[in-house]
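Novice: Here it is: the structure, laid out below.
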Amino acid sequence: MTEAERHTYDVVVVGAGGAGLRAAIEARAQGMRTAVICKSLFGKAHTVMAEGGIAASMGNVNAGDNWKVHFRDTMRGGKFLNNWRMAELHAQEAPDRVWELETWGALFDRTKEGRISQRNFGGHEYPRLAHVGDRTGLELIRTLQQKIVSLQQEDEREFGDFEARLKVFQECTVTRVLTEPGGGSPEGGPAAGASPGGGARVSGVFGYARESGRFFVVEAPAVVLATGGIGKSFKVTSNSWEYTGDGHALALLAGASLINMEFVQFHPTGMVWPPSVKGILVTESVRGDGGVLRNSENKRFMFDYVPDVFKNQYAQSEEEADGWYTDPEKHRRPPELLPRDEVARAINSEVKAGRGSPHGGVFLDVSTRMPAEEIKRRLPSMHHQFKELADVDITAEPMEVGPTCHYVMGGVDVEPDTAAARGVTGLYAAGEVAGGMHGSNRLGGNSLSDLLVFGRRAGLHAATYVTSLADARPSILPQQVDAAAAEALSPFHVPEADGAAGTLPENPYSVHQRLQQTMNDLVGIIRRAEEMGEALERLAKLRQEAVRAGVEGHRQFNPGWHLALDLRNMLLVSECVARAALERSESRGGHTRDDYPEMDRRWRRVNLVCDLAGTADAASGQISLTRRENPPIRPDLLALFEQGELLKYLTDEELAQ
Amino acid sequence: MSYTAHFRVWRGDDKSGELRDFDVEVNEGEVVLDIIHRLQATQASDLAVRWNCKAGKCGSCSAEVNGRPRLMCMTRMSVFDESETITVAPMRAFPVVRDLVTDVSFNYTKAREIPSFAPPAGVAPGEYRMMQEDVGRSQEFRKCIECFLCQNTCHVVRDHEENKPVFAGPRFLMRIAELDMHPLDAAEERGLDRKRSAQEEHGLGYCNITKCCTEVCPEHIKITDNALIPLKERAADRKYDPLVWLGNKIRRREG
Amino acid sequence: MATGTQIQPDPDSSADDVEPQRASPAPTRGGIHTQGRAAIPDKHLRTDRWWLAPLVTALGLLAFIVYSTWRAFANGDYYAAPYVSPFYSPCLAANCVDMQGGADWQLLGDWWKLSPALIILIFPLGFRLTCYYYRKAYYRSFWASPPACAVAEPHGGYTGETRFPLILQNIHRYFFYFAIVVAGILTFDAVLAFRDADGEWGHMGLGTLVLWANIALIWAYTVSCHSCRHIVGGRLKHFSKHPVRYRLWGWVGRLNERHMLLAWSSLVSVAVADLYVYLLASGAFDDPRFF
């Protein structure tokens, strides 16, 4: 039997970003012995990258704001594909989640009255984003981290051990969520309905410590996935290396489903030069504060890209657009402030038409729009970022920007109230890894609030479920551990290519680069049926290559090995994205089809669901795709919208009801 | 545009190791971390390095480049001559795990020793009122990305391993300052004197304000001037002010 | 793996598995050569001229020490009416020259036979010795503790400012209070420099300018002191309840950012002011008179 360190906990949280830490805090508060497992050091999760703020309708700046307005904005942003119940809970609970952070020591920027200041952001009707300059994500993660430390200090006082009830396993990767067959919910348990399929139930996780390469098993009846997104499957991304779709893949492999995987948000303005920082975000406020987009012919090209539906809201001339910054009442908005998807598409077209900047982007210029001092005052971090990373002084010259993969709206199919994954009892998902909440497109600021609201719910309901189990806990079989260990060690034992003499093992780094190139080129921001067909073929080939991805050296902190193992996850989620994107023959939010450029109301009722195919051979694909009806929106929530607006989104039959 | 640079990268573990020579391609606009990644992808697939955001926001890729503690993702290659040999070593104040990865658990241990924020009694969530000018000082310290470069470069522990148990290091003394300046921190009401404990329990007196922490901070936090010295002054209020001392003697409280 | 803990050794030692058994410990050496840290023999890997700053600092401070020691013990050529050297003001012993209504207060009586400068110089010396900037400067340049960032220091042990005598650095604020008094007196001297050699008001010469430049820098240095910043507002928890002190704290803070610059320029100006008076008093040249 495999040597693996054994631990037993009540709740295991995979991922230590905002959602994971919030879930862990809640589970621990409910009395659970809780473990957090994360790939990076504690406190380094990708949440630190969030800049803008946390959307919560506290109404500190405009008293007209309330959860209903926030709900409405969220649904509009997601083009009504959102799981309405998640959007409702999110809008209702976000203010409490923000206020609670203050009691844990968070220091947001303040209003004159000493309340939490809130800022405007795209798609939000009122100033709504609680923020700390442009480092809100850092504040969030640090506050949660310090709350965890304070809980550990309490435990130390009580039990003499900091880690008595809450332990962080840092720099550890989970490769398998282990289950035992025969799930269904415990009798009378509060999680009833969590697993309608009555499939498997969670018994723990298997993973390895990155530092030592040693394996470990944590026995636990409840696992919360909070692993974030999938951006590292794309070449140009604002996401960090951790974003390899681990939670998505773990859920699939455990028997859960993913939904909405075709919706990937491309942020229009990422850095394109130098190569080392390609993809890093250039915040939306650059355009909000007056920055304009120009092509290589020095033309403000966005005027050519205002779609008909927006013609009335956006300026037609530069004079009119420039007037908006000082007098928004009498002028229409500049077209640079169109929704993210429109701007990203326009930049893409300009570059393809050969009017791009030297490094394959377009120019974003504030230097001719504002005095240098004002730029430094209003955009300090952007000034710093370009100065330090690109040696570009944005007060004197334009930036080069292009679209970058930013966020995946799709994710684990969960019960909205409990964050329980459908199909696997005891499995929960929160944050970017969970699907449904944001529909086809996420609004800025809704991500951080999503982490807090559903992180807490996942931790709470995981705890409730574990309590209901009493002693009837699932167990882990030795052969499950052996199988997981063999899988994890396979990159060290790549078999000689059968027959093909002399073939060397694949270099995992090159396989990864080819995968990123494939997804970027063929399932990127603008999609076509033929290209996605080709992508699926290439993915099949890459899967075979990934099996042969071999590494040298030993298990102690070996990044080649880690990458070889992450490839499995990236290939799974990439196939989900490609298959779902090929299936959805319309354009909506974060999914743009060149061959189906219009939004189709009938598609609003459809969620595409990805499952692990029963018979998985590398060539035919590992994912099966099914359509499922999107549940109808509750009438009182529909009543928040005007009939005229609903006409654009809902089918006639739905409206008739 | 491209050229071949000469690198010396430390490879080894906690028992032995050496600076290994590499010739590696460098392209325009790259940073040291890019070159390390290129080494991984082409010459040393098992070269261990910690990194994450690659934008100077997470503080993972701390190392010593030409002997200076830096974030590798924020060290542009253009600051070096093309003929220059670039030496990359792990942080030298912490035990090494492998190659450029060090065991930074010292910092997590210290983090736990600092008493947490004490919320004020009787103030409900949502009722917190703080003025911007009152939170400004602590906000500067909360910019900290915990790269631990200050902890690494501080000679108190870098050059004196034996001081590790008694010295929290600049990052965590700054944390004490942050909490002591937090407008709603109620530690005092609960009998915790952060100023005094900074000196008595967390080794504030070991700091000789030679400012290396400030020099290496990638967030440009004025650690020494805005956190450590004010904290020293606050400790002096408590401990070295004869008037205060006399006052305490006269109305000495039991316990 | 876990925060703050080490995992147990794993008995499994297959080919591709983890580390071999720990070798016998190398001889224990301290600091960066501590067992377990990256085994790099060099005391530092810096390639820049890191030694330049401490060297220049040391030379600058030494030059001042030599000059000021000579002048403090010289006990002469410190008054050239209407100017008094800042080294000799206030003059508290009976053996001072008559300063025509200046700060020659003779409080100590006539038992003091040494240079009167020695009495008063203790205060500015103490102020600068315990100053947070000068501490950095001499800890680095004289005691190599550390010589520069990430350059190993040569000492076997280190207790910083936790013990006698360095724990006395904590009394910096009292020297600050004295420094204010001294600066006040030097301001008085500068005002008196608007008299002529006979005590008539309405004079101004180059020496007046020198004294005023000096006192301006002395004030700027004194007020930019970290203790001053603490006292005027830094010690407060709620700035919003003390708007005046908050504003003062902001001003002092802005000066404080230039504390190093002010420390050096006031050090130079005080020496120059003394030298100027010395040159006048010793008859090297006459004070150019503006009016």
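Chain identifiers are assigned as A, B, and so on, following the order in which chains appear in the structure tokens; residues are numbered from 1 within each chain, and ligands are numbered from 1 in order of appearance.
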Using 8 Å as the limit and counting only C-alpha atoms, can you tabulate each residue of chain C that touches chain B, with its shortest atom-to-atom distance in Å and the two atoms involved, as JSON lines?
Specialist:
```
{"residue": "C:Thr3", "atom": "CA", "partner": "B:Ser105", "partner_atom": "CA", "distance": 6.2}
{"residue": "C:Gly4", "atom": "CA", "partner": "B:Ser105", "partner_atom": "CA", "distance": 4.9}
{"residue": "C:Thr5", "atom": "CA", "partner": "B:Ser105", "partner_atom": "CA", "distance": 7.6}
{"residue": "C:Arg22", "atom": "CA", "partner": "B:Lys15", "partner_atom": "CA", "distance": 7.5}
{"residue": "C:Ala23", "atom": "CA", "partner": "B:Lys15", "partner_atom": "CA", "distance": 7.2}
{"residue": "C:Gly30", "atom": "CA", "partner": "B:His160", "partner_atom": "CA", "distance": 6.3}
{"residue": "C:Gly31", "atom": "CA", "partner": "B:Asp159", "partner_atom": "CA", "distance": 3.6}
{"residue": "C:Ile32", "atom": "CA", "partner": "B:Asp159", "partner_atom": "CA", "distance": 5.8}
{"residue": "C:Thr34", "atom": "CA", "partner": "B:Glu161", "partner_atom": "CA", "distance": 7.1}
{"residue": "C:Gln35", "atom": "CA", "partner": "B:Lys15", "partner_atom": "CA", "distance": 7.6}
{"residue": "C:Gly36", "atom": "CA", "partner": "B:Asp14", "partner_atom": "CA", "distance": 4.6}
{"residue": "C:Arg37", "atom": "CA", "partner": "B:Pro95", "partner_atom": "CA", "distance": 4.1}
{"residue": "C:Ala38", "atom": "CA", "partner": "B:Val96", "partner_atom": "CA", "distance": 5.4}
{"residue": "C:Ala39", "atom": "CA", "partner": "B:Ser16", "partner_atom": "CA", "distance": 5.8}
{"residue": "C:Ile40", "atom": "CA", "partner": "B:Glu18", "partner_atom": "CA", "distance": 6.9}
{"residue": "C:His44", "atom": "CA", "partner": "B:Gly67", "partner_atom": "CA", "distance": 6.0}
{"residue": "C:Leu45", "atom": "CA", "partner": "B:Gly67", "partner_atom": "CA", "distance": 4.0}
{"residue": "C:Arg46", "atom": "CA", "partner": "B:Gly67", "partner_atom": "CA", "distance": 4.0}
{"residue": "C:Thr47", "atom": "CA", "partner": "B:Asn66", "partner_atom": "CA", "distance": 6.0}
{"residue": "C:Tyr132", "atom": "CA", "partner": "B:Ile209", "partner_atom": "CA", "distance": 7.0}
{"residue": "C:Arg135", "atom": "CA", "partner": "B:Ile209", "partner_atom": "CA", "distance": 7.3}
{"residue": "C:Lys136", "atom": "CA", "partner": "B:Thr210", "partner_atom": "CA", "distance": 4.5}
{"residue": "C:Ala137", "atom": "CA", "partner": "B:Thr210", "partner_atom": "CA", "distance": 7.6}
{"residue": "C:Tyr139", "atom": "CA", "partner": "B:Thr210", "partner_atom": "CA", "distance": 7.2}
{"residue": "C:Arg140", "atom": "CA", "partner": "B:Thr210", "partner_atom": "CA", "distance": 6.9}
{"residue": "C:Ser145", "atom": "CA", "partner": "B:His155", "partner_atom": "CA", "distance": 7.6}
{"residue": "C:Pro146", "atom": "CA", "partner": "B:His155", "partner_atom": "CA", "distance": 6.4}
{"residue": "C:Ala148", "atom": "CA", "partner": "B:Cys212", "partner_atom": "CA", "distance": 7.8}
{"residue": "C:Cys149", "atom": "CA", "partner": "B:Cys212", "partner_atom": "CA", "distance": 5.4}
{"residue": "C:Ala150", "atom": "CA", "partner": "B:Thr153", "partner_atom": "CA", "distance": 5.5}
{"residue": "C:Ala152", "atom": "CA", "partner": "B:Asp159", "partner_atom": "CA", "distance": 6.2}
{"residue": "C:Glu153", "atom": "CA", "partner": "B:Asp159", "partner_atom": "CA", "distance": 6.6}
{"residue": "C:Gly156", "atom": "CA", "partner": "B:His160", "partner_atom": "CA", "distance": 7.7}
{"residue": "C:Gly157", "atom": "CA", "partner": "B:His160", "partner_atom": "CA", "distance": 6.8}
{"residue": "C:Tyr158", "atom": "CA", "partner": "B:His160", "partner_atom": "CA", "distance": 7.0}
{"residue": "C:Thr159", "atom": "CA", "partner": "B:Tyr206", "partner_atom": "CA", "distance": 5.8}
{"residue": "C:Gly160", "atom": "CA", "partner": "B:Tyr206", "partner_atom": "CA", "distance": 4.2}
{"residue": "C:Glu161", "atom": "CA", "partner": "B:Gly205", "partner_atom": "CA", "distance": 4.9}
{"residue": "C:Thr162", "atom": "CA", "partner": "B:Gly205", "partner_atom": "CA", "distance": 4.7}
{"residue": "C:Ile167", "atom": "CA", "partner": "B:Gly205", "partner_atom": "CA", "distance": 7.7}
{"residue": "C:Asn170", "atom": "CA", "partner": "B:Ala236", "partner_atom": "CA", "distance": 6.1}
{"residue": "C:Ile171", "atom": "CA", "partner": "B:Tyr240", "partner_atom": "CA", "distance": 6.9}
{"residue": "C:His226", "atom": "CA", "partner": "B:Ile229", "partner_atom": "CA", "distance": 7.2}
{"residue": "C:Ser227", "atom": "CA", "partner": "B:Glu233", "partner_atom": "CA", "distance": 6.7}
{"residue": "C:His230", "atom": "CA", "partner": "B:Pro230", "partner_atom": "CA", "distance": 6.5}
{"residue": "C:Gly234", "atom": "CA", "partner": "B:Pro230", "partner_atom": "CA", "distance": 7.0}
{"residue": "C:Arg235", "atom": "CA", "partner": "B:Arg234", "partner_atom": "CA", "distance": 6.6}
{"residue": "C:Lys237", "atom": "CA", "partner": "B:Met181", "partner_atom": "CA", "distance": 5.7}
{"residue": "C:His238", "atom": "CA", "partner": "B:Asp134", "partner_atom": "CA", "distance": 5.5}
{"residue": "C:Phe239", "atom": "CA", "partner": "B:Asp134", "partner_atom": "CA", "distance": 5.6}
{"residue": "C:Ser240", "atom": "CA", "partner": "B:Asp134", "partner_atom": "CA", "distance": 6.4}
```
Novice: Please report as a tab-separated table every residue of chain A lying within 12 Å of chain C, along with the nearest atom pair and their distance in Å (one decimal), using only C-alpha atoms.
Specialist:
```
residue	atom	partner	partner_atom	distance
A:Met1	CA	C:Asp12	CA	11.1
A:Thr2	CA	C:Asp12	CA	9.0
A:Glu3	CA	C:Asp12	CA	6.8
A:Ala4	CA	C:Asp10	CA	8.7
A:Glu5	CA	C:Asp10	CA	8.7
A:Arg6	CA	C:Ile7	CA	11.5
A:Ala35	CA	C:Ala2	CA	10.1
A:Val36	CA	C:Ala2	CA	9.7
A:Ile37	CA	C:Ala2	CA	9.0
A:Cys38	CA	C:Ala2	CA	10.0
A:Lys39	CA	C:Met1	CA	10.2
A:Ser40	CA	C:Met1	CA	10.4
A:Leu41	CA	C:Thr3	CA	8.8
A:Phe42	CA	C:Thr3	CA	8.0
A:Gly43	CA	C:Thr3	CA	11.3
A:Lys112	CA	C:Ser240	CA	11.0
A:Glu113	CA	C:Ser240	CA	11.3
A:Gly114	CA	C:Ser240	CA	10.2
A:Val149	CA	C:Thr3	CA	10.7
A:Gln152	CA	C:Thr3	CA	11.4
A:Asp161	CA	C:Thr5	CA	11.5
A:Phe162	CA	C:Gly4	CA	9.8
A:Glu163	CA	C:Thr3	CA	9.0
A:Leu166	CA	C:Thr3	CA	11.0
A:Lys167	CA	C:Ala2	CA	7.4
A:Val168	CA	C:Ala2	CA	5.9
A:Phe169	CA	C:Ala2	CA	4.3
A:Gln170	CA	C:Ala2	CA	5.5
A:Glu171	CA	C:Met1	CA	6.2
A:Cys172	CA	C:Met1	CA	6.9
A:Thr173	CA	C:Met1	CA	10.6
A:Gly207	CA	C:Met1	CA	11.8
A:Tyr208	CA	C:Met1	CA	9.5
A:Ala209	CA	C:Met1	CA	6.1
A:Arg210	CA	C:Met1	CA	7.8
A:Glu211	CA	C:Met1	CA	6.6
A:Ser212	CA	C:Val18	CA	6.1
A:Gly213	CA	C:Val18	CA	6.4
A:Arg214	CA	C:Val18	CA	7.3
A:Phe215	CA	C:Asp10	CA	9.9
A:Phe216	CA	C:Met1	CA	10.6
A:Leu489	CA	C:Asp16	CA	8.9
A:Ser490	CA	C:Asp16	CA	11.1
A:Pro491	CA	C:Asp16	CA	10.8
A:Phe492	CA	C:Asp16	CA	7.4
A:His493	CA	C:Asp16	CA	9.6
A:Val551	CA	C:Asp16	CA	10.5
A:Glu552	CA	C:Asp16	CA	8.9
A:Gly553	CA	C:Asp16	CA	7.2
A:His554	CA	C:Asp16	CA	4.9
A:Arg555	CA	C:Val18	CA	5.5
A:Gln556	CA	C:Val18	CA	5.5
A:Phe557	CA	C:Val18	CA	9.3
A:Asn558	CA	C:Val18	CA	10.4
A:Trp561	CA	C:Asp16	CA	11.3
```
Novice: What are the nearest atom pairs, with distances in Å to one decimal, for all residues of chain A that come at most 6 Å from chain B, using only C-alpha atoms, set out by chain and rising residue number as JSON lines?
Specialist:
```
{"residue": "A:Lys44", "atom": "CA", "partner": "B:Cys58", "partner_atom": "CA", "distance": 5.3}
{"residue": "A:Trp99", "atom": "CA", "partner": "B:Gly126", "partner_atom": "CA", "distance": 4.9}
{"residue": "A:Glu100", "atom": "CA", "partner": "B:Pro125", "partner_atom": "CA", "distance": 5.5}
{"residue": "A:Thr103", "atom": "CA", "partner": "B:Pro119", "partner_atom": "CA", "distance": 5.8}
{"residue": "A:Gly105", "atom": "CA", "partner": "B:Phe117", "partner_atom": "CA", "distance": 5.8}
{"residue": "A:Arg110", "atom": "CA", "partner": "B:Gln132", "partner_atom": "CA", "distance": 5.2}
{"residue": "A:Gly114", "atom": "CA", "partner": "B:Met130", "partner_atom": "CA", "distance": 4.5}
{"residue": "A:Arg115", "atom": "CA", "partner": "B:Arg129", "partner_atom": "CA", "distance": 5.5}
{"residue": "A:Ser150", "atom": "CA", "partner": "B:Ser116", "partner_atom": "CA", "distance": 5.5}
{"residue": "A:Ser240", "atom": "CA", "partner": "B:Cys53", "partner_atom": "CA", "distance": 4.9}
{"residue": "A:Pro274", "atom": "CA", "partner": "B:Gly29", "partner_atom": "CA", "distance": 4.7}
{"residue": "A:Ser276", "atom": "CA", "partner": "B:Glu30", "partner_atom": "CA", "distance": 5.4}
{"residue": "A:Tyr509", "atom": "CA", "partner": "B:Ala41", "partner_atom": "CA", "distance": 5.8}
{"residue": "A:Phe557", "atom": "CA", "partner": "B:Ala48", "partner_atom": "CA", "distance": 5.8}
{"residue": "A:Asn558", "atom": "CA", "partner": "B:Asp46", "partner_atom": "CA", "distance": 4.8}
{"residue": "A:Pro559", "atom": "CA", "partner": "B:Asp46", "partner_atom": "CA", "distance": 5.7}
{"residue": "A:Gly560", "atom": "CA", "partner": "B:Ser45", "partner_atom": "CA", "distance": 5.4}
```
Novice: Print the selection's residues with C-alpha atoms to a file, as a short mmCIF file (atom, residue, chain, number, x, y, z; two decimals), in the first residue's frame.
Specialist:
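Saved file part31.cif follows:
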```
data_model
loop_
_atom_site.label_atom_id
_atom_site.label_comp_id
_atom_site.auth_asym_id
_atom_site.auth_seq_id
_atom_site.Cartn_x
_atom_site.Cartn_y
_atom_site.Cartn_z
CA LYS A 44 -0.87 34.36 -1.94
CA TRP A 99 -19.54 44.64 7.16
CA GLU A 100 -18.37 41.49 8.81
CA THR A 103 -15.15 43.41 12.48
CA GLY A 105 -9.96 44.28 10.93
CA ARG A 110 -14.10 55.84 3.88
CA GLY A 114 -16.84 57.55 8.16
CA ARG A 115 -18.74 54.78 6.39
CA SER A 150 -7.16 34.85 15.22
CA SER A 240 -1.81 33.16 -12.29
CA PRO A 274 6.71 43.10 -22.82
CA SER A 276 6.72 38.72 -19.55
CA TYR A 509 6.07 22.70 -20.71
CA PHE A 557 9.59 20.77 -5.27
CA ASN A 558 9.70 19.68 -8.90
CA PRO A 559 7.76 22.16 -11.04
CA GLY A 560 7.94 19.99 -14.15
#
```
Novice: For a test of reading the model, state the distance in Å between atom CA of C:Phe175 and atom CA of C:Val252, rounded to one decimal.
Specialist: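 Answer for the atom CA of C:Phe175 to atom CA of C:Val252 separation: 17.6 Å.
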Novice: As a count of residues only, please: the residues near C:Ala80 (cut-off 10 Å, only C-alpha atoms, same-chain neighbours under 6 positions excluded).
Specialist: 13
Novice: Excluding C:Ala58 and any residue of its chain fewer than 3 positions from it, enumerate the residues within 7 Å of it, using only C-alpha atoms, and give them as an mmCIF file with N, CA and C atoms, in the first residue's frame.
Specialist:
```cif
data_model
loop_
_atom_site.group_PDB
_atom_site.id
_atom_site.type_symbol
_atom_site.label_atom_id
_atom_site.label_comp_id
_atom_site.auth_asym_id
_atom_site.auth_seq_id
_atom_site.Cartn_x
_atom_site.Cartn_y
_atom_site.Cartn_z
ATOM 1 N N PRO C 54 28.448 53.765 3.068
ATOM 2 C CA PRO C 54 28.981 53.808 4.445
ATOM 3 C C PRO C 54 30.344 54.489 4.521
ATOM 4 N N LEU C 55 31.145 54.348 3.469
ATOM 5 C CA LEU C 55 32.464 54.977 3.488
ATOM 6 C C LEU C 55 32.328 56.503 3.491
ATOM 7 N N LEU C 61 31.341 62.069 8.745
ATOM 8 C CA LEU C 61 31.187 62.188 10.193
ATOM 9 C C LEU C 61 32.539 62.405 10.863
ATOM 10 N N LEU C 62 33.537 61.674 10.391
ATOM 11 C CA LEU C 62 34.880 61.825 10.974
ATOM 12 C C LEU C 62 35.386 63.247 10.795
ATOM 13 N N SER C 141 28.003 52.703 9.238
ATOM 14 C CA SER C 141 29.334 53.035 8.719
ATOM 15 C C SER C 141 30.439 52.780 9.737
ATOM 16 N N PHE C 142 30.168 52.940 11.027
ATOM 17 C CA PHE C 142 31.229 52.713 12.013
ATOM 18 C C PHE C 142 31.203 51.303 12.584
#
```
Novice: Given the choices C:Cys131, C:Val151, C:Val244, C:Ala94, which gets closest to C:Asp48 if the distance is worked out from only C-alpha atoms?
Specialist: C:Val151
Novice: Contacts of A:Phe386 at 10 Å or less, counting only C-alpha atoms, minus same-chain residues fewer than 3 places along, as a list of chain:residue names?
Specialist: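 The residues that qualify are A:Met271, A:Trp273, A:Pro274, A:Val277, A:Val282, A:Ser381, A:Met382, A:His383, A:Leu389, A:Ala390, A:Asp391, A:Val392, A:Asp393, A:Ile394, A:Met399.
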Novice: Do you know which residues are at most 8 Å from A:Ala130 counting only C-alpha atoms, after dropping those on the same chain fewer than 2 positions away, and could you put them as a PyMOL selection string?
Specialist: chain A and resi 53-56+98+108-109+116-119+128+132
Novice: As number ranges by chain, list the residues of stretch 25-240 of chain B assigned to helix (DSSP H, G or I) by DSSP on the backbone atoms of this structure.
Specialist: B: 32-42, 72-74, 77-79, 105-113, 132-141, 149-153, 155-158, 161-163, 170-181, 188-190, 194-200, 204-206, 212-216, 223-239
Novice: So which residues touch A:Ala315 within 7 Å, counting only C-alpha atoms, skipping near sequence neighbours fewer than 5 positions away, as a PyMOL selection string?
Specialist: chain A and resi 320-321+332-335
